Amino acid sequence: MTSVDLEFEQLNSTVDALRRSISNRLMYGVGKDAVTAQPRDWLHAAELAVRDRLVARWMKTTRQQYEQDVKRVYYLSMEFLIGRTFTNALLALGIHDEVRDALAGLGIDLNTLENLEPDAALGNGGLGRLAACFLDSMATVGIPGFGYGIRYEYGMFRQTIVDGNQVETPDYWLRAGNPWEFPRPEVNYVIHFGGSTVRHGDRTEWIDTEHVNAMAYDTVIPGFATTATNTLRLWSARATDEFDLSAFNQGDYRRSVEAKNTSEHVSRLLYPDDSTQAGRELRLRQEYFFVSATMQDLIRRYQRTHTHFGRLAEKVAVHLNDTHPVLAIPELMRLLVDTHHLPWDKAWKLVQQMFSYTNHTLMPEALETWDVEMLSRLLPRHLEIIFDINADFLKQVGEKFGRDVDLIRRISLVDEYGQRRVRMAHLAIVASHTVNGVSKLHSQLMTQNIFADFARMYPDRFTNVTNGITPRRWLSQASPKLSSLIDERLGPRWRTDLFELGRLREWRDDPEFSKAFHDAKFASKVRLAARAKLETGAIIDPNALFDLQVKRIHEYKRQLLNILHVIVRYNRIREAPEKAWTPRVVMFAGKAASAYKMAKTIIKLINDVAEKVNNDPLIGDRLKVGFIPNYGVSVAELIIPAADLSQQISMAGTEASGTGNMKLALNGALTIGTLDGANIEICDAVGRENMFIFGHSTEEIDALRATGYRPRRIYEENPELKLALDQIRLGHFSPDQPHRFYDIFHTLVDWGDHYMVLADFESFDKAQADVDAKFLDKEAWTRSAIENVAGMGIFSSDRTIAEYAKHIWHVEPLSVTS
Ligand SMILES: *Cc1c(COP(=O)(O)O)cnc(C)c1O
């Protein structure tokens, strides 16, 4: 490698310099002039001009990481729900206003361009968004790290609502190109599948495999107000053979590209429908594809500056975001033992010093397992390695606890009941030095329930790191009005030290601040109302209480509890329209997994109820119901700042943490919620008097189940609830198809009501009455809203990342000098 001192043009960020850069990039980067340029071309040109200013920082950070031979974090996640990058980069670089003015000088409106950028929707929900917040915080705090994942060509499906039903269309987010990524064709690894294994003495070889290439695409992740940046490296599948030329020459065009297409499916789509065998197999291929490329990349990077593996664990921490990347464990063992000829014990020791794992669910049915038969077909060598790890592990269990057959059966990495399956969470725990839950409650329940045996086996292995969110995106970017109000009082430091917000308490009783706060929130409500009118024609009054439940549609999150209460409210208003009702707009948003029938039926019910309520002249503005389509990061940034009320109503013990709850509270919404996940810690931070807590606690849920829960009795004894449920059952909201919601009714009343919706209804109703009363007292409401914002310091993902860095990864922030 030669090293030449290159000369660069100095890129200033004055308005003039930016205007010239954007014009240059339009001409030389996009290939258009001002006459032919479409808005999208201007966006592209502006993005390139901003990107140029990021790249210098990126190079510098990367170089200093090498020079200082720092320990690096590899954050492995199947999902990164990043959303848009443009505005985020402008704020990180501190050039938002300059770029706005530069564009204005060219006759272009920044805001219009911002809304043209497609979301990078490479994730489903909370887990993927957490990974995106972590990248932002790692860069901002200066933790040397990489995100590693898959460059899905099609992100999360786009949701439209047609006749009240969810309709899914492909999200081809790369159509117009992605200026934030750099293709790295030279960073390319071969990924093997199938074949079989042979032993040569004490060596094993994996032979007769099929292959696909993994090619890297790098996205630069800017830190906020720092020169430090990080890299998100995403893998894209490339066929090892472009196409079958002889088939092509014989005119068989379809066969000529068949193999190429099949192998490249691996990075085509986020979460193929796993209700079919083919879908599950593709998902397993995806998981292996990305961790194999990542582990090969890790070893290559380490070997560039080290001659033997002795210091590997000092230089590398590998973090597993849930179990999806767990195959990284047997893959690294395979590479170290089979390819680099390390002794098994030495390799295993390194692995255990490097890996850590975050669990994201307490629901046993949501823990990932893989069919042994499928593994033996696709990854025969890895299955052998897993069996070997299991044999050693079960031996240790025996040494510690004696011959306890039941324990062995429960704790084994292989589930032997029925069709044999590998339990990925068990493998993750055995191989990791640290396992964490994502809220205090979740971490505690984790060691009491699903992993109780492991907690006895490895009492020091388990810990808690409560989730967080990045205040840059979720307050500074999403809510400009509220942010500038906070800036006026506190200055801008809260963006990197969120505890600063605590000082807002000084002004909670100050009428002037209270009014300004109320006005800032009101502006976000007006913004949302204007968008709703523009896009759907719906008229909503920003003076009404905006009540939001926005998150994936899932029975455990209990959108049904919310809509049941809407129906009861509707009936009550019809009974006595003259009473003083607190006007409400109840909004839902969220996607249902494409194979999850019940979730889709819930969406239809919400829309059918909305249709009825919104068109009832007796109801008027007292109650409106809306379903906002295509929930994603950008939609969240629009609607979360407009919320007065945040619904966080999962059955206690089911929501591991939640992060939507944090975003809403940070934007001054009051929470109506159960004592579940991070709601409990939010309650500690903002004060119970500033929330509406209701429902059974985890202990009470357990007790109720143990004594025999009888939902039908609740149905029979509460006439208003009975009426609402009967209306659902008898087609009151679906006269065109009276039995449409039969399953919903019976799930709640006759089939056990697994998520205890009816058990919590009465308490929910009381809490809702408190909400209505409090909203009429504007001052009291605003004071509580201020208390919510003020208490959110601890929920910055900077705090979360600092805890991971200190207690789990053992890495220090890098000081990037300029
Ligand atoms: C924060 C976020 C989530 C997670 O929301 P929860 O309420 O915690 O389930 C899901 N999707 C998007 C787009 C988000 O921004």
# chains A, B, ... in the order shown; residues from 1 in each chain; ligands from 1
call {"tool": "residues_around", "arguments": {"residues": "Ile540 of chain A", "least_positions_apart": "2", "cutoff": "10 Å", "atoms": "only C-alpha atoms", "output": "CSV table (one decimal) with all heavy atoms, in the first residue's frame"}}
result
chain,number,residue,atom,x,y,z
A,525,LYS,N,-50.0,19.3,17.0
A,525,LYS,CA,-51.3,18.8,16.7
A,525,LYS,C,-51.9,19.4,15.4
A,525,LYS,O,-52.5,18.7,14.6
A,525,LYS,CB,-52.3,19.0,17.9
A,525,LYS,CG,-51.8,18.3,19.2
A,525,LYS,CD,-52.6,18.7,20.4
A,525,LYS,CE,-54.0,18.1,20.5
A,525,LYS,NZ,-54.7,18.4,21.8
A,526,VAL,N,-51.7,20.7,15.3
A,526,VAL,CA,-52.2,21.3,14.1
A,526,VAL,C,-51.5,20.7,12.8
A,526,VAL,O,-52.1,20.5,11.8
A,526,VAL,CB,-51.9,22.9,14.1
A,526,VAL,CG1,-52.2,23.5,12.8
A,526,VAL,CG2,-52.8,23.5,15.2
A,528,LEU,N,-50.3,17.7,12.4
A,528,LEU,CA,-50.9,16.4,12.2
A,528,LEU,C,-52.3,16.6,11.5
A,528,LEU,O,-52.6,15.9,10.6
A,528,LEU,CB,-51.0,15.6,13.4
A,528,LEU,CG,-51.6,14.2,13.3
A,528,LEU,CD1,-50.9,13.4,12.2
A,528,LEU,CD2,-51.7,13.5,14.6
A,529,ALA,N,-53.1,17.5,12.1
A,529,ALA,CA,-54.5,17.7,11.6
A,529,ALA,C,-54.4,18.1,10.1
A,529,ALA,O,-55.2,17.6,9.3
A,529,ALA,CB,-55.2,18.7,12.4
A,530,ALA,N,-53.4,19.0,9.8
A,530,ALA,CA,-53.3,19.4,8.4
A,530,ALA,C,-52.9,18.3,7.5
A,530,ALA,O,-53.5,18.1,6.4
A,530,ALA,CB,-52.3,20.6,8.3
A,532,ALA,N,-53.6,15.1,8.0
A,532,ALA,CA,-54.7,14.2,7.9
A,532,ALA,C,-55.7,14.7,6.9
A,532,ALA,O,-56.3,14.0,6.1
A,532,ALA,CB,-55.3,14.0,9.3
A,533,LYS,N,-55.9,16.0,6.9
A,533,LYS,CA,-56.9,16.6,6.0
A,533,LYS,C,-56.4,16.5,4.6
A,533,LYS,O,-57.1,16.1,3.7
A,533,LYS,CB,-57.1,18.1,6.4
A,533,LYS,CG,-58.0,18.8,5.4
A,533,LYS,CD,-58.8,20.0,6.2
A,533,LYS,CE,-59.7,20.7,5.2
A,533,LYS,NZ,-59.2,22.0,4.8
A,537,GLY,N,-58.7,13.8,3.8
A,537,GLY,CA,-59.9,14.6,3.9
A,537,GLY,C,-60.5,14.7,5.3
A,537,GLY,O,-61.5,15.4,5.5
A,538,ALA,N,-60.0,13.9,6.2
A,538,ALA,CA,-60.6,13.8,7.6
A,538,ALA,C,-60.3,15.2,8.3
A,538,ALA,O,-59.3,15.7,8.2
A,538,ALA,CB,-59.9,12.7,8.4
A,542,PRO,N,-57.8,20.1,16.5
A,542,PRO,CA,-56.7,20.0,17.4
A,542,PRO,C,-56.9,20.4,18.8
A,542,PRO,O,-56.1,20.1,19.7
A,542,PRO,CB,-55.7,21.0,16.8
A,542,PRO,CG,-56.5,21.8,15.8
A,542,PRO,CD,-57.7,21.1,15.4
A,543,ASN,N,-58.1,20.9,19.1
A,543,ASN,CA,-58.5,21.1,20.6
A,543,ASN,C,-58.9,19.9,21.3
A,543,ASN,O,-58.9,19.8,22.5
A,543,ASN,CB,-59.6,22.2,20.7
A,543,ASN,CG,-59.1,23.5,20.3
A,543,ASN,OD1,-58.2,24.1,20.9
A,543,ASN,ND2,-59.6,24.0,19.2
A,544,ALA,N,-59.2,18.8,20.5
A,544,ALA,CA,-59.6,17.6,21.2
A,544,ALA,C,-58.4,16.9,21.8
A,544,ALA,O,-57.3,17.2,21.5
A,544,ALA,CB,-60.3,16.7,20.1
A,546,PHE,N,-55.8,14.2,21.8
A,546,PHE,CA,-55.3,13.3,20.9
A,546,PHE,C,-54.7,12.0,21.6
A,546,PHE,O,-53.8,12.1,22.4
A,546,PHE,CB,-54.2,13.9,20.0
A,546,PHE,CG,-54.7,14.8,18.9
A,546,PHE,CD1,-56.0,15.2,18.8
A,546,PHE,CD2,-53.8,15.2,17.9
A,546,PHE,CE1,-56.4,16.1,17.8
A,546,PHE,CE2,-54.2,16.0,16.8
A,546,PHE,CZ,-55.5,16.4,16.8
A,584,ARG,N,-62.4,13.7,22.0
A,584,ARG,CA,-61.3,12.8,21.8
A,584,ARG,C,-61.1,12.4,20.4
A,584,ARG,O,-62.1,12.1,19.7
A,584,ARG,CB,-61.5,11.5,22.5
A,584,ARG,CG,-60.9,11.5,23.9
A,584,ARG,CD,-60.4,10.1,24.3
A,584,ARG,NE,-60.5,10.1,25.7
A,584,ARG,CZ,-59.7,9.3,26.4
A,584,ARG,NH1,-58.9,8.5,25.9
A,584,ARG,NH2,-59.8,9.3,27.7
A,585,VAL,N,-59.9,12.3,19.9
A,585,VAL,CA,-59.5,11.7,18.7
A,585,VAL,C,-58.7,10.5,19.0
A,585,VAL,O,-57.6,10.7,19.5
A,585,VAL,CB,-58.8,12.6,17.7
A,585,VAL,CG1,-58.5,11.9,16.4
A,585,VAL,CG2,-59.6,13.9,17.5
A,621,ASP,N,-68.2,15.9,17.1
A,621,ASP,CA,-66.8,16.0,17.5
A,621,ASP,C,-66.4,15.4,18.8
A,621,ASP,O,-65.3,15.5,19.2
A,621,ASP,CB,-66.4,17.5,17.5
A,621,ASP,CG,-66.0,18.0,16.1
A,621,ASP,OD1,-65.9,17.1,15.2
A,621,ASP,OD2,-66.0,19.2,15.9
A,623,LEU,N,-66.2,12.3,19.6
A,623,LEU,CA,-65.4,11.2,19.4
A,623,LEU,C,-65.0,10.9,18.0
A,623,LEU,O,-66.0,10.9,17.1
A,623,LEU,CB,-66.0,9.9,20.0
A,623,LEU,CG,-65.3,8.6,19.9
A,623,LEU,CD1,-63.9,8.6,20.7
A,623,LEU,CD2,-66.1,7.4,20.5
A,624,LYS,N,-63.8,10.8,17.7
A,624,LYS,CA,-63.4,10.4,16.3
A,624,LYS,C,-62.4,9.3,16.4
A,624,LYS,O,-61.6,9.2,17.4
A,624,LYS,CB,-62.7,11.6,15.6
A,624,LYS,CG,-63.6,12.7,15.2
A,624,LYS,CD,-64.4,12.5,14.0
A,624,LYS,CE,-65.4,13.6,13.7
A,624,LYS,NZ,-66.7,13.0,13.2
A,625,VAL,N,-62.4,8.4,15.5
A,625,VAL,CA,-61.5,7.2,15.5
A,625,VAL,C,-60.8,7.2,14.2
A,625,VAL,O,-61.4,7.3,13.1
A,625,VAL,CB,-62.3,5.9,15.8
A,625,VAL,CG1,-61.3,4.7,15.9
A,625,VAL,CG2,-63.1,6.0,17.0
A,626,GLY,N,-59.4,7.0,14.2
A,626,GLY,CA,-58.7,6.9,13.0
A,626,GLY,C,-57.6,5.9,13.0
A,626,GLY,O,-57.0,5.6,14.1
call {"tool": "closest_atom_pairs", "arguments": {"of": "chain A", "to": "ligand 1", "cutoff": "9 Å", "atoms": "only C-alpha atoms and all ligand atoms", "output": "tab-separated table"}}
result
residue	atom	partner	partner_atom_place_in_ligand_line	distance
A:Leu81	CA	ligand 1	13 (C)	7.2
A:Ile82	CA	ligand 1	13 (C)	9.0
A:Gly83	CA	ligand 1	13 (C)	8.2
A:Ala121	CA	ligand 1	13 (C)	8.5
A:Gly123	CA	ligand 1	11 (N)	8.5
A:Asn124	CA	ligand 1	11 (N)	6.8
A:Gly125	CA	ligand 1	10 (C)	3.6
A:Gly126	CA	ligand 1	4 (C)	3.5
A:Leu127	CA	ligand 1	4 (C)	7.3
A:Gly128	CA	ligand 1	10 (C)	8.0
A:Arg129	CA	ligand 1	14 (C)	5.8
A:Leu130	CA	ligand 1	1 (C)	7.5
A:Ile469	CA	ligand 1	1 (C)	8.1
A:Trp474	CA	ligand 1	15 (O)	8.8
A:Gln549	CA	ligand 1	7 (O)	7.8
A:Val550	CA	ligand 1	7 (O)	6.2
A:Lys551	CA	ligand 1	7 (O)	4.5
A:Arg552	CA	ligand 1	9 (O)	6.0
A:Ile553	CA	ligand 1	9 (O)	8.8
A:Lys557	CA	ligand 1	9 (O)	8.0
A:Gly590	CA	ligand 1	11 (N)	7.5
A:Lys591	CA	ligand 1	11 (N)	8.9
A:Tyr631	CA	ligand 1	13 (C)	6.0
A:Gly632	CA	ligand 1	13 (C)	3.7
A:Val633	CA	ligand 1	13 (C)	4.0
A:Ser634	CA	ligand 1	13 (C)	7.5
A:Val635	CA	ligand 1	13 (C)	7.5
A:Ala636	CA	ligand 1	15 (O)	5.7
A:Glu637	CA	ligand 1	15 (O)	7.8
A:Gln647	CA	ligand 1	7 (O)	8.7
A:Gln648	CA	ligand 1	7 (O)	7.1
A:Glu655	CA	ligand 1	9 (O)	8.0
A:Ala656	CA	ligand 1	8 (O)	8.9
A:Ser657	CA	ligand 1	8 (O)	7.0
A:Gly658	CA	ligand 1	8 (O)	3.3
A:Thr659	CA	ligand 1	8 (O)	3.8
A:Gly660	CA	ligand 1	7 (O)	3.6
A:Asn661	CA	ligand 1	7 (O)	5.8
A:Met662	CA	ligand 1	8 (O)	8.0
A:Lys663	CA	ligand 1	1 (C)	6.9
call {"tool": "write_last_selection", "arguments": {"atoms": "C-alpha atoms", "output": "compact mmCIF listing (two decimals), in the first residue's frame"}}
result
# COMPACT_ATOMS: atom_id res chain seq x y z
CA LEU A 81 -35.13 0.51 11.43
CA ILE A 82 -33.28 3.68 10.52
CA GLY A 83 -35.90 5.78 8.80
CA ALA A 121 -37.38 0.38 6.81
CA GLY A 123 -36.94 -3.65 10.49
CA ASN A 124 -40.32 -4.58 11.89
CA GLY A 125 -40.70 -2.55 15.05
CA GLY A 126 -39.16 -1.92 18.43
CA LEU A 127 -36.20 -4.29 18.12
CA GLY A 128 -35.03 -2.79 14.84
CA ARG A 129 -35.62 0.75 15.99
CA LEU A 130 -33.61 0.04 19.15
CA ILE A 469 -34.19 6.23 22.63
CA TRP A 474 -37.27 11.69 18.83
CA GLN A 549 -51.85 3.77 20.34
CA VAL A 550 -49.07 3.32 17.82
CA LYS A 551 -47.09 0.08 17.66
CA ARG A 552 -47.19 -3.31 15.94
CA ILE A 553 -50.64 -4.86 16.06
CA LYS A 557 -50.32 -5.16 23.17
CA GLY A 590 -49.30 -0.22 13.28
CA LYS A 591 -48.65 -3.09 10.93
CA TYR A 631 -46.67 3.14 10.60
CA GLY A 632 -42.92 3.54 10.36
CA VAL A 633 -40.23 5.87 11.62
CA SER A 634 -41.28 8.89 9.55
CA VAL A 635 -44.95 8.48 10.39
CA ALA A 636 -43.95 8.13 14.04
CA GLU A 637 -41.98 11.40 13.87
CA GLN A 647 -51.59 4.12 25.35
CA GLN A 648 -49.16 1.52 26.77
CA GLU A 655 -43.96 -6.13 26.92
CA ALA A 656 -40.25 -6.55 27.56
CA SER A 657 -39.61 -2.83 27.65
CA GLY A 658 -41.33 -0.77 25.01
CA THR A 659 -39.65 2.26 23.53
CA GLY A 660 -42.72 3.89 22.00
CA ASN A 661 -43.73 4.68 25.58
CA MET A 662 -40.46 6.65 25.99
CA LYS A 663 -40.83 8.58 22.73
call {"tool": "closest_residue", "arguments": {"among": "A:Pro330, A:Arg495, A:Thr85, A:Arg268", "to": "Ala225 of chain A", "atoms": "only C-alpha atoms"}}
result
A:Arg495
call {"tool": "select_by_dssp", "arguments": {"residues": "segment 206-377 of chain A", "states": "strand (DSSP E)", "output": "ChimeraX atom specification"}}
result
/A:206-207,210-222,229-239,316-321,355-358,369-371
call {"tool": "write_last_selection", "arguments": {"atoms": "C-alpha atoms", "output": "compact mmCIF listing (two decimals), in the first residue's frame"}}
result
# COMPACT_ATOMS: atom_id res chain seq x y z
CA TRP A 206 -17.30 -29.15 5.26
CA ILE A 207 -17.59 -30.24 1.63
CA GLU A 210 -23.44 -24.59 -2.59
CA HIS A 211 -22.38 -20.97 -2.25
CA VAL A 212 -23.49 -17.43 -2.45
CA ASN A 213 -21.35 -14.31 -2.11
CA ALA A 214 -21.95 -11.67 0.52
CA MET A 215 -20.98 -8.19 -0.60
CA ALA A 216 -20.68 -5.26 1.80
CA TYR A 217 -22.47 -1.92 1.61
CA ASP A 218 -21.36 0.66 4.14
CA THR A 219 -23.54 3.40 5.54
CA VAL A 220 -21.95 6.20 7.51
CA ILE A 221 -23.62 6.90 10.85
CA PRO A 222 -22.88 10.44 12.06
CA THR A 229 -18.90 8.51 13.16
CA ASN A 230 -19.66 4.84 12.94
CA THR A 231 -20.36 2.37 10.20
CA LEU A 232 -23.36 0.23 9.47
CA ARG A 233 -22.22 -2.61 7.23
CA LEU A 234 -25.01 -4.44 5.45
CA TRP A 235 -24.57 -7.59 3.37
CA SER A 236 -26.10 -8.16 0.00
CA ALA A 237 -26.27 -11.58 -1.66
CA ARG A 238 -24.59 -12.02 -5.02
CA ALA A 239 -24.66 -15.23 -7.03
CA VAL A 316 -13.59 -7.53 19.87
CA ALA A 317 -16.99 -7.63 21.55
CA VAL A 318 -19.82 -9.32 19.66
CA HIS A 319 -23.35 -8.43 20.67
CA LEU A 320 -26.40 -10.45 19.68
CA ASN A 321 -29.56 -8.38 19.37
CA PHE A 355 -20.22 -12.74 23.07
CA SER A 356 -23.09 -11.11 24.88
CA TYR A 357 -26.81 -11.43 24.23
CA THR A 358 -29.92 -9.32 24.72
CA THR A 369 -35.96 -22.66 17.73
CA TRP A 370 -34.76 -24.44 14.61
CA ASP A 371 -35.66 -27.83 13.37
call {"tool": "select_by_dssp", "arguments": {"residues": "segment 344-462 of chain A", "states": "alpha helix (DSSP H)", "output": "count of residues only"}}
result
70
call {"tool": "residues_around", "arguments": {"residues": "segment 781-797 of chain A", "least_positions_apart": "6", "cutoff": "7 Å", "atoms": "only C-alpha atoms", "output": "ChimeraX atom specification"}}
result
/A:133-134,137,467-471,498-499,501-505,508-509,514,518,662,665-670,685-686,690,774-775
call {"tool": "write_last_selection", "arguments": {"atoms": "N, CA and C atoms", "output": "CSV table (one decimal), in the first residue's frame"}}
result
chain,number,residue,atom,x,y,z
A,133,CYS,N,-31.4,3.4,17.1
A,133,CYS,CA,-31.1,4.4,18.2
A,133,CYS,C,-29.7,4.1,18.8
A,134,PHE,N,-29.3,2.8,18.9
A,134,PHE,CA,-28.0,2.4,19.4
A,134,PHE,C,-26.9,2.9,18.5
A,137,SER,N,-26.4,6.5,19.1
A,137,SER,CA,-25.8,6.8,20.4
A,137,SER,C,-24.3,6.3,20.4
A,467,ASN,N,-33.7,-0.2,28.1
A,467,ASN,CA,-33.7,0.5,26.8
A,467,ASN,C,-33.7,2.0,26.8
A,468,GLY,N,-33.4,2.6,25.7
A,468,GLY,CA,-33.5,4.0,25.6
A,468,GLY,C,-33.8,4.4,24.2
A,469,ILE,N,-33.9,5.7,24.0
A,469,ILE,CA,-34.2,6.2,22.6
A,469,ILE,C,-33.3,7.4,22.4
A,470,THR,N,-33.0,7.7,21.1
A,470,THR,CA,-32.1,8.9,20.9
A,470,THR,C,-33.0,10.2,20.9
A,471,PRO,N,-32.6,11.1,21.7
A,471,PRO,CA,-33.3,12.4,21.8
A,471,PRO,C,-33.1,13.2,20.5
A,498,LEU,N,-29.3,14.3,28.4
A,498,LEU,CA,-30.8,14.4,28.5
A,498,LEU,C,-31.2,14.7,30.0
A,499,PHE,N,-30.4,14.4,30.9
A,499,PHE,CA,-30.8,14.7,32.3
A,499,PHE,C,-31.0,16.2,32.5
A,501,LEU,N,-32.9,18.0,31.0
A,501,LEU,CA,-34.4,18.2,31.0
A,501,LEU,C,-35.0,18.4,32.4
A,502,GLY,N,-34.3,17.8,33.4
A,502,GLY,CA,-34.9,17.9,34.7
A,502,GLY,C,-35.0,19.3,35.2
A,503,ARG,N,-34.2,20.2,34.6
A,503,ARG,CA,-34.3,21.6,35.0
A,503,ARG,C,-35.6,22.3,34.6
A,504,LEU,N,-36.3,21.6,33.7
A,504,LEU,CA,-37.6,22.2,33.3
A,504,LEU,C,-38.6,22.3,34.4
A,505,ARG,N,-38.4,21.5,35.4
A,505,ARG,CA,-39.3,21.5,36.6
A,505,ARG,C,-39.3,22.9,37.3
A,508,ARG,N,-42.4,24.5,36.0
A,508,ARG,CA,-43.7,23.8,35.8
A,508,ARG,C,-44.9,24.6,36.2
A,509,ASP,N,-44.7,25.5,37.2
A,509,ASP,CA,-45.9,26.3,37.6
A,509,ASP,C,-45.8,27.7,37.1
A,514,SER,N,-45.8,27.5,30.9
A,514,SER,CA,-46.9,26.6,30.7
A,514,SER,C,-47.7,26.9,29.3
A,518,HIS,N,-47.7,24.5,26.1
A,518,HIS,CA,-49.0,24.1,25.5
A,518,HIS,C,-49.1,24.5,24.0
A,662,MET,N,-41.5,5.6,25.7
A,662,MET,CA,-40.5,6.6,26.0
A,662,MET,C,-40.6,7.8,25.0
A,665,ALA,N,-43.7,10.0,26.0
A,665,ALA,CA,-43.5,10.7,27.2
A,665,ALA,C,-42.5,11.9,27.0
A,666,LEU,N,-41.4,11.6,26.2
A,666,LEU,CA,-40.4,12.6,25.9
A,666,LEU,C,-41.1,13.8,25.2
A,667,ASN,N,-42.1,13.5,24.4
A,667,ASN,CA,-42.8,14.6,23.7
A,667,ASN,C,-44.0,15.1,24.5
A,668,GLY,N,-44.0,14.8,25.8
A,668,GLY,CA,-45.0,15.5,26.6
A,668,GLY,C,-46.4,14.8,26.6
A,669,ALA,N,-46.5,13.6,26.1
A,669,ALA,CA,-47.8,12.9,26.3
A,669,ALA,C,-47.8,12.2,27.6
A,670,LEU,N,-49.0,12.2,28.2
A,670,LEU,CA,-49.2,11.4,29.5
A,670,LEU,C,-49.6,10.0,29.1
A,685,ALA,N,-39.7,7.6,37.2
A,685,ALA,CA,-39.0,8.9,36.8
A,685,ALA,C,-39.9,10.1,36.8
A,686,VAL,N,-41.2,9.9,36.4
A,686,VAL,CA,-42.0,11.1,36.2
A,686,VAL,C,-43.1,11.3,37.3
A,690,ASN,N,-48.4,11.7,37.6
A,690,ASN,CA,-48.4,12.3,36.2
A,690,ASN,C,-48.6,11.2,35.2
A,774,LYS,N,-59.0,15.1,33.8
A,774,LYS,CA,-57.8,15.9,33.9
A,774,LYS,C,-57.6,16.8,32.7
A,775,PHE,N,-58.0,16.3,31.5
A,775,PHE,CA,-57.8,17.0,30.3
A,775,PHE,C,-58.5,18.4,30.3
call {"tool": "closest_residue", "arguments": {"among": "A:Trp173, A:Trp58, A:Phe224, A:Phe80", "to": "Asp497 of chain A", "atoms": "only C-alpha atoms"}}
result
A:Phe224
call {"tool": "residues_around", "arguments": {"residues": "segment 383-387 of chain A", "least_positions_apart": "5", "cutoff": "8 Å", "atoms": "only C-alpha atoms", "output": "mmCIF file with N, CA and C atoms, in the first residue's frame"}}
result
data_model
loop_
_atom_site.group_PDB
_atom_site.id
_atom_site.type_symbol
_atom_site.label_atom_id
_atom_site.label_comp_id
_atom_site.auth_asym_id
_atom_site.auth_seq_id
_atom_site.Cartn_x
_atom_site.Cartn_y
_atom_site.Cartn_z
ATOM 1 N N PRO A 330 -21.655 -20.815 16.556
ATOM 2 C CA PRO A 330 -21.021 -21.967 15.888
ATOM 3 C C PRO A 330 -20.203 -21.564 14.661
ATOM 4 N N MET A 333 -16.833 -20.530 15.938
ATOM 5 C CA MET A 333 -16.134 -21.762 16.344
ATOM 6 C C MET A 333 -15.609 -22.502 15.118
ATOM 7 N N ARG A 334 -16.442 -22.610 14.098
ATOM 8 C CA ARG A 334 -16.023 -23.304 12.871
ATOM 9 C C ARG A 334 -14.802 -22.615 12.246
ATOM 10 N N VAL A 372 -33.972 -29.525 13.886
ATOM 11 C CA VAL A 372 -32.684 -30.207 13.726
ATOM 12 C C VAL A 372 -32.526 -30.750 12.311
ATOM 13 N N LEU A 375 -31.557 -27.910 10.017
ATOM 14 C CA LEU A 375 -30.161 -27.523 10.265
ATOM 15 C C LEU A 375 -29.197 -28.546 9.669
ATOM 16 N N SER A 376 -29.543 -29.812 9.800
ATOM 17 C CA SER A 376 -28.613 -30.843 9.316
ATOM 18 C C SER A 376 -28.518 -30.787 7.794
ATOM 19 N N LEU A 413 -29.659 -27.650 24.989
ATOM 20 C CA LEU A 413 -29.749 -26.802 23.798
ATOM 21 C C LEU A 413 -30.694 -27.410 22.773
ATOM 22 N N LEU A 427 -28.504 -21.619 23.429
ATOM 23 C CA LEU A 427 -27.159 -21.540 22.863
ATOM 24 C C LEU A 427 -26.543 -20.163 23.152
#
call {"tool": "residues_around", "arguments": {"residues": "segment 243-251 of chain A", "least_positions_apart": "3", "cutoff": "12 Å", "atoms": "only C-alpha atoms", "output": "list in words"}}
result
Arg238, Ala239, Thr240, Arg254, Arg255, Ser256, Val257, Glu258, Ala259, Lys260, Asn261, Thr262, Ser263 and Glu264 of chain A
call {"tool": "write_last_selection", "arguments": {"atoms": "C-alpha atoms", "output": "JSON list (two decimals), in the first residue's frame"}}
result
[["chain", "number", "residue", "atom", "x", "y", "z"],
["A", 238, "ARG", "CA", -24.59, -12.02, -5.02],
["A", 239, "ALA", "CA", -24.66, -15.23, -7.03],
["A", 240, "THR", "CA", -21.23, -16.82, -7.32],
["A", 254, "ARG", "CA", -35.40, -18.66, -17.73],
["A", 255, "ARG", "CA", -33.04, -21.44, -16.70],
["A", 256, "SER", "CA", -30.01, -19.27, -17.42],
["A", 257, "VAL", "CA", -30.82, -16.94, -14.51],
["A", 258, "GLU", "CA", -32.60, -19.39, -12.24],
["A", 259, "ALA", "CA", -29.64, -20.27, -10.01],
["A", 260, "LYS", "CA", -28.64, -16.62, -9.74],
["A", 261, "ASN", "CA", -32.10, -15.57, -8.71],
["A", 262, "THR", "CA", -32.48, -18.36, -6.19],
["A", 263, "SER", "CA", -29.20, -17.65, -4.41],
["A", 264, "GLU", "CA", -29.81, -13.91, -4.36]]
call {"tool": "atom_distance", "arguments": {"atom1": "atom CA of Leu18 of chain A", "atom2": "atom CA of Ser483 of chain A"}}
result
25.0 Å
call {"tool": "residues_around", "arguments": {"residues": "Tyr755 of chain A", "least_positions_apart": "2", "cutoff": "12 Å", "atoms": "only C-alpha atoms", "output": "PyMOL selection string"}}
result
chain A and resi 363+554-561+649-655+695-696+698+701-702+704-705+709+711+747-749+751-753+757-761
call {"tool": "residues_around", "arguments": {"residues": "Gln419 of chain A", "least_positions_apart": "2", "cutoff": "9 Å", "atoms": "only C-alpha atoms", "output": "list in words"}}
result
Asp371, Val372, Glu373, Asp415, Glu416, Tyr417 and Arg421 of chain A
